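Student: Submitted below is the structure of interest, expressed as structure tokens.
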Amino acid sequence: MIRNRLLLITFTLAIIAIPLPSLAKTLTVGVFPRSGVEKTVTAYTPLIEYVARQSGFDIRLDVPPDMPSFWKRLSAGEYDIAHMNQYHYVRSHFEKGYVVILKNEEFGKDTIASALWVREDSPIRTLADLRGKWVVLGGGRQAMVASIMATDMLEQAGLESQDYFSRSTLHPLEALKSLYYRQADAAGVGDVADRMPGVKKLFGNDRLRMVARSEPVTHLPWGVSSRLDDSTVRAIKSAFLSLNDSMKGKRLLKAVNLTAIRPATDREYNEHREIILRVLDENYYVQKDSLQE
């Protein structure tokens with residue numbers, strides 16, 4: 001009888017000692033190539049590794065070669081987590097149910113504005129002076145700040161598409177390169193372009209001058225797929241926000257040109273929806289008069 005009990009205890013302990021399979025989920029985070037693929041991968045890999053450790057999930061980073069490729073993967077629902085521009089967010093929220101949870105803070109601000117820039121020695125002083133000139137927009141048609149908002153400023157100044165020549169580049173820095181090499185008269189990019197390290201290195205002692213600046217809007221979002229459960233979303237959000245609370249986290253944020261990462265809600269992107277509707281005639285309101293928080 002005693003021997004049987006000992007055998008039972010031994011068998012039970014043996015069962016407990018059997019290694020359990022890992023319960024970690026594998027998640028894919030897509031980051032749009034705002035600064036080009038190589039720089040984005042180099043900068044974001046340590047940050048995503050940190051978030052993976054903090055959250056307990058296996059997270060795979062994906063940075064597509066260009067904006068169209070990023071949108072193709074996002075619209076196919078391939079990403080569990082996505083860092084995107086504001087146009088990508090409101091459209092993916094409308095079409096695929098992605099939900100924003102976080103937003104960037106850059107240079108101490110969680111808002112960003114569009115700007116039209118010229119070289120310091122340019123005779124262009126106002127938006128009206130761009131009539132008949134070349135304007136290059138950074139990031140392509142889906143670039144919220146550099147293209148859509150810049151176009152909105154031109155339209156508000158009375159300039160329609162036929163009043164000036166325009167083309168788009170894959171990335172905002174490429175638009176500024178066109179300006180530097182005098183291949184364009186003005187460039188549409190963000191309002192802090194002259195403070196970015198890559199731009200300072202490019203222009204050196206030459207200087208940029210801002211011709212016009214839009215009203216600020218909520219900064220770049222981080223969204224999650226609607227297929228993630230609430231506990232997973234909370235863990236991911238908490239892991240990202242913990243970057244703000246340690247020296248290591250702050251170093252990782254600095255490497256991707258962020259001063260912090262902040263909570264965000266869908267309603268903060270209503271202003272973007274209005275601009276997109278005005279410029280592109282695309283309506284991404286879930287319900288025109290009653291958006292969810």
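In the structure tokens, each chain is lettered A, B, ... as it comes, each chain's residues begin at 1, and ligands are numbered from 1 in order of appearance.
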Hey, what's within 6 Å of Gly188 in chain A if we count only C-alpha atoms and toss same-chain stuff fewer than 4 positions away? As a list in words, please?
Tutor: Ala115, Leu116, Leu137, Ala146 and Ala150 of chain A
Student: Lys103 in chain A: which residues within 8 Å, counting only C-alpha atoms, same-chain residues fewer than 2 positions away excluded, as number ranges by chain?
Tutor: A: 100-101, 105, 110, 218-222, 261-264
Student: Those same residues, written as a CSV table (one decimal), in the first residue's frame with C-alpha atoms?
Tutor:
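See part_3.csv below for the written result:
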chain,number,residue,atom,x,y,z
A,100,VAL,CA,-4.8,52.7,-32.8
A,101,ILE,CA,-3.3,52.3,-29.3
A,105,GLU,CA,6.2,61.9,-29.6
A,110,ASP,CA,2.8,64.3,-30.0
A,218,THR,CA,-2.0,64.0,-34.0
A,219,HIS,CA,1.3,62.2,-34.7
A,220,LEU,CA,2.1,58.9,-36.3
A,221,PRO,CA,0.0,56.0,-34.9
A,222,TRP,CA,0.7,52.4,-33.8
A,261,ILE,CA,5.5,57.1,-27.1
A,262,ARG,CA,2.0,58.0,-25.9
A,263,PRO,CA,-1.4,56.4,-25.6
A,264,ALA,CA,-3.8,57.3,-28.5
Student: Can you tell me, as a short mmCIF file (atom, residue, chain, number, x, y, z; two decimals) with C-alpha atoms, in the first residue's frame, which residues in range 38-287 of chain A count as strand (DSSP E) by DSSP?
Tutor:
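What landed in part.cif:
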data_model
loop_
_atom_site.label_atom_id
_atom_site.label_comp_id
_atom_site.auth_asym_id
_atom_site.auth_seq_id
_atom_site.Cartn_x
_atom_site.Cartn_y
_atom_site.Cartn_z
CA ASP A 58 7.78 36.44 -29.96
CA ILE A 59 7.60 39.48 -32.27
CA ARG A 60 8.89 39.51 -35.84
CA LEU A 61 9.79 42.85 -37.47
CA ASP A 62 8.85 43.45 -41.10
CA ILE A 81 0.90 45.41 -34.96
CA ALA A 82 1.62 48.22 -37.38
CA HIS A 83 3.47 51.52 -37.19
CA VAL A 99 -7.31 50.07 -33.88
CA VAL A 100 -4.82 52.72 -32.78
CA ILE A 101 -3.31 52.28 -29.30
CA LEU A 102 -0.23 54.53 -29.38
CA LYS A 103 1.24 57.57 -31.10
CA ASN A 104 4.71 59.02 -31.55
CA GLU A 105 6.16 61.92 -29.61
CA THR A 111 1.55 66.40 -32.91
CA ILE A 112 3.09 67.06 -36.33
CA SER A 114 3.10 69.66 -42.78
CA ALA A 115 5.35 72.28 -44.32
CA LEU A 116 6.46 73.46 -47.72
CA TRP A 117 10.18 74.19 -47.81
CA VAL A 118 12.46 76.03 -50.22
CA ARG A 119 16.17 76.75 -50.26
CA TRP A 134 7.97 72.34 -59.45
CA VAL A 135 6.80 70.95 -56.09
CA VAL A 136 8.08 67.56 -54.96
CA LEU A 137 6.07 65.69 -52.32
CA GLY A 138 7.84 63.19 -50.07
CA PHE A 165 4.09 70.82 -61.58
CA SER A 166 4.48 68.03 -59.04
CA ARG A 167 5.97 64.63 -58.52
CA SER A 168 6.40 62.28 -55.58
CA THR A 169 9.37 60.52 -54.05
CA ALA A 186 9.78 73.44 -53.17
CA ALA A 187 9.40 70.25 -51.13
CA GLY A 188 6.47 69.05 -49.05
CA VAL A 189 7.64 67.28 -45.87
CA GLY A 190 7.13 67.60 -42.10
CA LEU A 208 16.13 75.54 -45.67
CA ARG A 209 13.35 78.08 -45.35
CA MET A 210 9.73 77.30 -44.54
CA VAL A 211 7.21 78.97 -46.87
CA ALA A 212 4.06 77.61 -45.19
CA ARG A 213 3.11 75.41 -42.26
CA VAL A 217 -2.40 67.13 -36.16
CA THR A 218 -1.97 64.01 -34.02
CA PRO A 221 0.03 55.98 -34.93
CA TRP A 222 0.69 52.44 -33.79
CA GLY A 223 -2.28 50.17 -34.41
CA VAL A 224 -3.22 46.58 -33.66
CA ALA A 260 8.44 59.24 -26.05
CA ILE A 261 5.53 57.08 -27.08
CA ARG A 262 2.03 58.01 -25.88
CA PRO A 263 -1.45 56.43 -25.65
#
Student: Just the residues within 12 Å of Leu280 in chain A, please, counting only C-alpha atoms, with nothing from its chain fewer than 2 positions along; format it as a PyMOL selection string.
Tutor: chain A and resi 87+141-144+147-149+151-152+155+272-278+282-284
Student: Pick the closest to Arg234 in chain A from A:Gly56, A:Gly108, A:Pro68, A:Gly36: which is it, counting only C-alpha atoms?
Tutor: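 Looking at the shortest contact to Arg234 in chain A, the residue is A:Gly56.
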